[in-house]
Amino acid sequence: MSGEEQASLLRVLINCAEKAANIARTCRSNEELLGLLVQEKSGSEANERFEHDFKTLADVLIQETIKHEVAALFPAMQDAILGEESPNFTNKLGESVTIAVGATEEDTASCLQAVLSGHEGAASALATEVHREVSFSSEKLGEIAQLPDELDYANLGIWIDPIDATAEYISGDTMFTDFPGITSTGLDCVTVLIGVYERDTGVPVIGVMAQPFGEKLEENVYSSSMFWGVCLPTLRAHNCDFEARDENRRLGIFSSSEQSDILQRFLDLGYEFAFSAGAGHKALKVITHEVDVYLLSKGSTFKWDTCAPQAILRALGGDVLDYTASVAEQRAVPLKYLIEDAEADAHWKRNAGGIISVRNVDVVEELLAKLAEQ
C-alpha cells in the first residue's frame, strides 16, 4: 500500500464519522421516522444498567456503513472491524432483516425498505446518505496527520459505537449542569465513536469522535463537532488543544448512579461534580479540558465506548484506565483491547473493572491513594 493510501486512513475515519452524523441527523429530523425506527434492546444485547435501552436502525446502518467503507479501502482490516450492534433488525411487523450496505444506492434502499415496511421515502432518504460522497471540513479540524509509511494495517482493528447515548438521541431533551457548557442530558451528549487499536498489543492508537449535534445553526439544524487523535510510537498528533476551564478548580464528571462513597472521596480532595449522560460525552469533556477526570466504578461500559476517546487522550498525554486494577495496584493500568480470550470470556467486550479517564496521567497518583483508603 502506498504512502498516499496510508495517509488516507485518518481522513477516511473522519469522513465516516461525518457520514454517521448525517445519518443520525436525517433520522432525528423526522419524528415519524424516529418513532418508526426505535426498538428496545433485549436479551444479550441489553445493557443491564438501564431500565430501557434502545436499538435503532440509525445505529445499525451507521455501523454497517463504516464497516463497508473502511473494509473497501483497507481490506487488511476488514476482519477486525467490530461494533456495538447486531446487523439483524426486526421491523414493526416482526420480520427479521439483516442490514447490509449494497453496491448501489438502490440496493441499499431495497434492503432498508424491508425494515421500514414499505416506507419508500424514508428508505430512499437513508440510502442517499449512506452513498453520499462526504468530505468533512472545518477550521477546527486542523491539519490531518500523515500516518507513518510503516503502519501495519493487518495489525489494526476498529471498535465502532455508531450512536453513543442512544436514549438522549431519541428523547432530545436537553438539561444543563451547574457548569456552563456541560449538558447533563440531550442531543449534545450524543457522540459517534471510531477507535483503532493494535491487534497484537491491544493499545488504542487512533481515535475519531463526532458530535452530530455539536453546533446548532438554527432551529433543528445542526453541524458536527469533530475531534481526532493519533498516538503511535513515531507520531503523536491531535486537534484537541483546549485551555483548562479554571486552573484553580478541580472538576470530575460522573454518571448519576455513581456510588456516594466514591463521590465523597473526590469531595475530600477538593473536586466539584458534574453529572451527565453518555460515556463518550463524559470522556469528551476530559478531552476538551472542561473536566479533570471521568470515573465510572461500575463495569457498564464496553470496548466501543472507550477505544476512540482513549486513543485521543493518549495523544494528549492522558489515558483511560481500568478503575479496579489501578486502585488495587496503585498505578495507572490502561485499558487494552486484546480479543484472544473472546471464546473463554463471555464478557470480553465489557470494561468490567470500571474506568478512569484523565487528560494528564500525573493526576491519578493522589486519586488512586484516596480511592484505596478503607
# chains A, B, ... in the order shown; residues from 1 in each chain; ligands from 1

$ select_by_dssp --residues "segment 291-368 of chain A" --states "helix (DSSP H, G or I)" --output "ChimeraX atom specification"
/A:303-315,323-329,361-368

$ residues_around --residues "Arg249 of chain A" --least-positions-apart "6" --cutoff "10 Å" --atoms "only C-alpha atoms" --output "PyMOL selection string"
chain A and resi 270-272+291-292

$ write_last_selection --atoms "N, CA and C atoms" --output "short mmCIF file (atom, residue, chain, number, x, y, z; two decimals), in the first residue's frame"
data_model
loop_
_atom_site.label_atom_id
_atom_site.label_comp_id
_atom_site.auth_asym_id
_atom_site.auth_seq_id
_atom_site.Cartn_x
_atom_site.Cartn_y
_atom_site.Cartn_z
N GLY A 270 -11.20 17.92 47.13
CA GLY A 270 -11.48 19.26 46.64
C GLY A 270 -12.12 19.32 45.26
N TYR A 271 -12.64 18.22 44.78
CA TYR A 271 -13.29 18.20 43.48
C TYR A 271 -14.74 18.69 43.57
N GLU A 272 -15.18 19.33 42.50
CA GLU A 272 -16.59 19.60 42.30
C GLU A 272 -17.12 18.57 41.32
N VAL A 291 -13.30 19.17 32.21
CA VAL A 291 -13.22 18.48 33.50
C VAL A 291 -11.85 17.81 33.58
N ASP A 292 -11.48 17.45 34.80
CA ASP A 292 -10.17 16.82 35.00
C ASP A 292 -10.21 15.31 34.92
#

$ select_by_dssp --residues "segment 135-348 of chain A" --states "strand (DSSP E or B)" --output "VMD selection string"
chain A and resid 156 to 164 175 to 176 183 to 185 191 to 198 204 to 218 221 to 232 235 to 238 250 to 254 271 to 275 293 to 296 302 319 to 322 334

$ residues_around --residues "Leu321 of chain A" --least-positions-apart "2" --cutoff "8 Å" --atoms "only C-alpha atoms" --output "PyMOL selection string"
chain A and resi 319+323+326+332-335+355-357

$ write_last_selection --atoms "N, CA, C and O atoms" --output "PDB file, in the first residue's frame"
ATOM      1  N   ASP A 319      -5.047   9.115  29.432  1.00  0.00           N
ATOM      2  CA  ASP A 319      -5.348   7.700  29.185  1.00  0.00           C
ATOM      3  C   ASP A 319      -6.714   7.369  29.764  1.00  0.00           C
ATOM      4  O   ASP A 319      -7.316   8.182  30.482  1.00  0.00           O
ATOM      5  N   TYR A 323     -10.351   0.993  36.372  1.00  0.00           N
ATOM      6  CA  TYR A 323     -10.545   1.538  37.720  1.00  0.00           C
ATOM      7  C   TYR A 323     -10.138   0.533  38.795  1.00  0.00           C
ATOM      8  O   TYR A 323      -9.321   0.838  39.681  1.00  0.00           O
ATOM      9  N   SER A 326      -6.336  -0.383  38.696  1.00  0.00           N
ATOM     10  CA  SER A 326      -5.478   0.757  39.049  1.00  0.00           C
ATOM     11  C   SER A 326      -5.512   1.040  40.543  1.00  0.00           C
ATOM     12  O   SER A 326      -4.474   1.333  41.162  1.00  0.00           O
ATOM     13  N   ALA A 332      -1.269   3.443  37.334  1.00  0.00           N
ATOM     14  CA  ALA A 332      -2.131   3.563  36.174  1.00  0.00           C
ATOM     15  C   ALA A 332      -2.088   2.274  35.354  1.00  0.00           C
ATOM     16  O   ALA A 332      -1.020   1.870  34.881  1.00  0.00           O
ATOM     17  N   VAL A 333      -3.232   1.616  35.211  1.00  0.00           N
ATOM     18  CA  VAL A 333      -3.348   0.388  34.409  1.00  0.00           C
ATOM     19  C   VAL A 333      -4.294   0.683  33.244  1.00  0.00           C
ATOM     20  O   VAL A 333      -5.518   0.665  33.404  1.00  0.00           O
ATOM     21  N   PRO A 334      -3.754   0.982  32.063  1.00  0.00           N
ATOM     22  CA  PRO A 334      -4.608   1.359  30.931  1.00  0.00           C
ATOM     23  C   PRO A 334      -5.480   0.200  30.441  1.00  0.00           C
ATOM     24  O   PRO A 334      -5.105  -0.975  30.567  1.00  0.00           O
ATOM     25  N   LEU A 335      -6.630   0.534  29.875  1.00  0.00           N
ATOM     26  CA  LEU A 335      -7.455  -0.465  29.208  1.00  0.00           C
ATOM     27  C   LEU A 335      -6.722  -0.991  27.986  1.00  0.00           C
ATOM     28  O   LEU A 335      -5.991  -0.267  27.314  1.00  0.00           O
ATOM     29  N   ILE A 355     -13.849   2.391  34.824  1.00  0.00           N
ATOM     30  CA  ILE A 355     -12.884   3.211  34.091  1.00  0.00           C
ATOM     31  C   ILE A 355     -12.563   4.513  34.818  1.00  0.00           C
ATOM     32  O   ILE A 355     -13.381   5.037  35.567  1.00  0.00           O
ATOM     33  N   ILE A 356     -11.355   5.006  34.564  1.00  0.00           N
ATOM     34  CA  ILE A 356     -10.942   6.349  34.967  1.00  0.00           C
ATOM     35  C   ILE A 356     -10.335   7.010  33.732  1.00  0.00           C
ATOM     36  O   ILE A 356      -9.345   6.523  33.188  1.00  0.00           O
ATOM     37  N   SER A 357     -10.929   8.108  33.272  1.00  0.00           N
ATOM     38  CA  SER A 357     -10.419   8.837  32.108  1.00  0.00           C
ATOM     39  C   SER A 357      -9.765  10.124  32.584  1.00  0.00           C
ATOM     40  O   SER A 357     -10.390  10.909  33.303  1.00  0.00           O
TER      41      SER A 357
END

$ closest_residue --among "A:Leu151, A:Leu368, A:Leu82, A:Leu73" --to "Ala325 of chain A" --atoms "only C-alpha atoms"
A:Leu368

$ closest_residue --among "A:Ile253, A:Leu263, A:Ile160, A:Met175" --to "Asp305 of chain A" --atoms "only C-alpha atoms"
A:Ile160

$ decode --residues "segment 101-152 of chain A" --atoms "C-alpha atoms" --output "PDB file, in the first residue's frame"
ATOM      1  CA  VAL A 101     -24.848  -1.733   2.517  1.00  0.00           C
ATOM      2  CA  GLY A 102     -25.423  -2.587  -1.122  1.00  0.00           C
ATOM      3  CA  ALA A 103     -23.227  -1.945  -4.130  1.00  0.00           C
ATOM      4  CA  THR A 104     -25.599   0.828  -5.211  1.00  0.00           C
ATOM      5  CA  GLU A 105     -27.948   3.296  -3.573  1.00  0.00           C
ATOM      6  CA  GLU A 106     -30.888   1.352  -4.990  1.00  0.00           C
ATOM      7  CA  ASP A 107     -29.654  -1.925  -3.448  1.00  0.00           C
ATOM      8  CA  THR A 108     -29.314  -0.300  -0.036  1.00  0.00           C
ATOM      9  CA  ALA A 109     -32.731   1.349  -0.334  1.00  0.00           C
ATOM     10  CA  SER A 110     -34.277  -2.024  -1.178  1.00  0.00           C
ATOM     11  CA  CYS A 111     -32.777  -3.585   1.952  1.00  0.00           C
ATOM     12  CA  LEU A 112     -33.975  -0.679   4.099  1.00  0.00           C
ATOM     13  CA  GLN A 113     -37.485  -0.855   2.659  1.00  0.00           C
ATOM     14  CA  ALA A 114     -37.784  -4.352   4.089  1.00  0.00           C
ATOM     15  CA  VAL A 115     -37.099  -2.919   7.552  1.00  0.00           C
ATOM     16  CA  LEU A 116     -39.241   0.157   7.076  1.00  0.00           C
ATOM     17  CA  SER A 117     -42.227  -1.888   5.904  1.00  0.00           C
ATOM     18  CA  GLY A 118     -42.938  -0.051   2.683  1.00  0.00           C
ATOM     19  CA  HIS A 119     -41.889   3.462   3.734  1.00  0.00           C
ATOM     20  CA  GLU A 120     -40.057   4.008   0.468  1.00  0.00           C
ATOM     21  CA  GLY A 121     -39.370   7.692   1.008  1.00  0.00           C
ATOM     22  CA  ALA A 122     -37.654   7.090   4.353  1.00  0.00           C
ATOM     23  CA  ALA A 123     -35.610   4.173   2.949  1.00  0.00           C
ATOM     24  CA  SER A 124     -34.549   6.266  -0.018  1.00  0.00           C
ATOM     25  CA  ALA A 125     -33.509   9.220   2.160  1.00  0.00           C
ATOM     26  CA  LEU A 126     -31.323   6.988   4.332  1.00  0.00           C
ATOM     27  CA  ALA A 127     -29.778   5.191   1.339  1.00  0.00           C
ATOM     28  CA  THR A 128     -28.911   8.569  -0.169  1.00  0.00           C
ATOM     29  CA  GLU A 129     -26.939   9.488   2.962  1.00  0.00           C
ATOM     30  CA  VAL A 130     -25.170   6.101   3.019  1.00  0.00           C
ATOM     31  CA  HIS A 131     -23.925   6.537  -0.559  1.00  0.00           C
ATOM     32  CA  ARG A 132     -23.325  10.291  -0.459  1.00  0.00           C
ATOM     33  CA  GLU A 133     -19.730  11.409  -1.012  1.00  0.00           C
ATOM     34  CA  VAL A 134     -18.606  13.110   2.199  1.00  0.00           C
ATOM     35  CA  SER A 135     -15.515  15.186   2.907  1.00  0.00           C
ATOM     36  CA  PHE A 136     -15.742  16.878   6.284  1.00  0.00           C
ATOM     37  CA  SER A 137     -14.129  20.294   6.592  1.00  0.00           C
ATOM     38  CA  SER A 138     -13.878  22.751   9.447  1.00  0.00           C
ATOM     39  CA  GLU A 139     -11.324  25.269  10.667  1.00  0.00           C
ATOM     40  CA  LYS A 140     -11.307  23.352  13.956  1.00  0.00           C
ATOM     41  CA  LEU A 141     -10.328  20.090  12.221  1.00  0.00           C
ATOM     42  CA  GLY A 142      -6.691  21.160  11.966  1.00  0.00           C
ATOM     43  CA  GLU A 143      -4.126  19.662   9.633  1.00  0.00           C
ATOM     44  CA  ILE A 144      -4.813  15.947   9.225  1.00  0.00           C
ATOM     45  CA  ALA A 145      -1.801  13.955  10.420  1.00  0.00           C
ATOM     46  CA  GLN A 146       0.007  11.849   7.813  1.00  0.00           C
ATOM     47  CA  LEU A 147       0.350   8.343   9.206  1.00  0.00           C
ATOM     48  CA  PRO A 148       3.779   6.664   9.020  1.00  0.00           C
ATOM     49  CA  ASP A 149       4.587   4.523   5.981  1.00  0.00           C
ATOM     50  CA  GLU A 150       5.481   1.540   8.179  1.00  0.00           C
ATOM     51  CA  LEU A 151       1.990   1.270   9.686  1.00  0.00           C
ATOM     52  CA  ASP A 152       0.841  -2.374   9.519  1.00  0.00           C
TER      53      ASP A 152
END
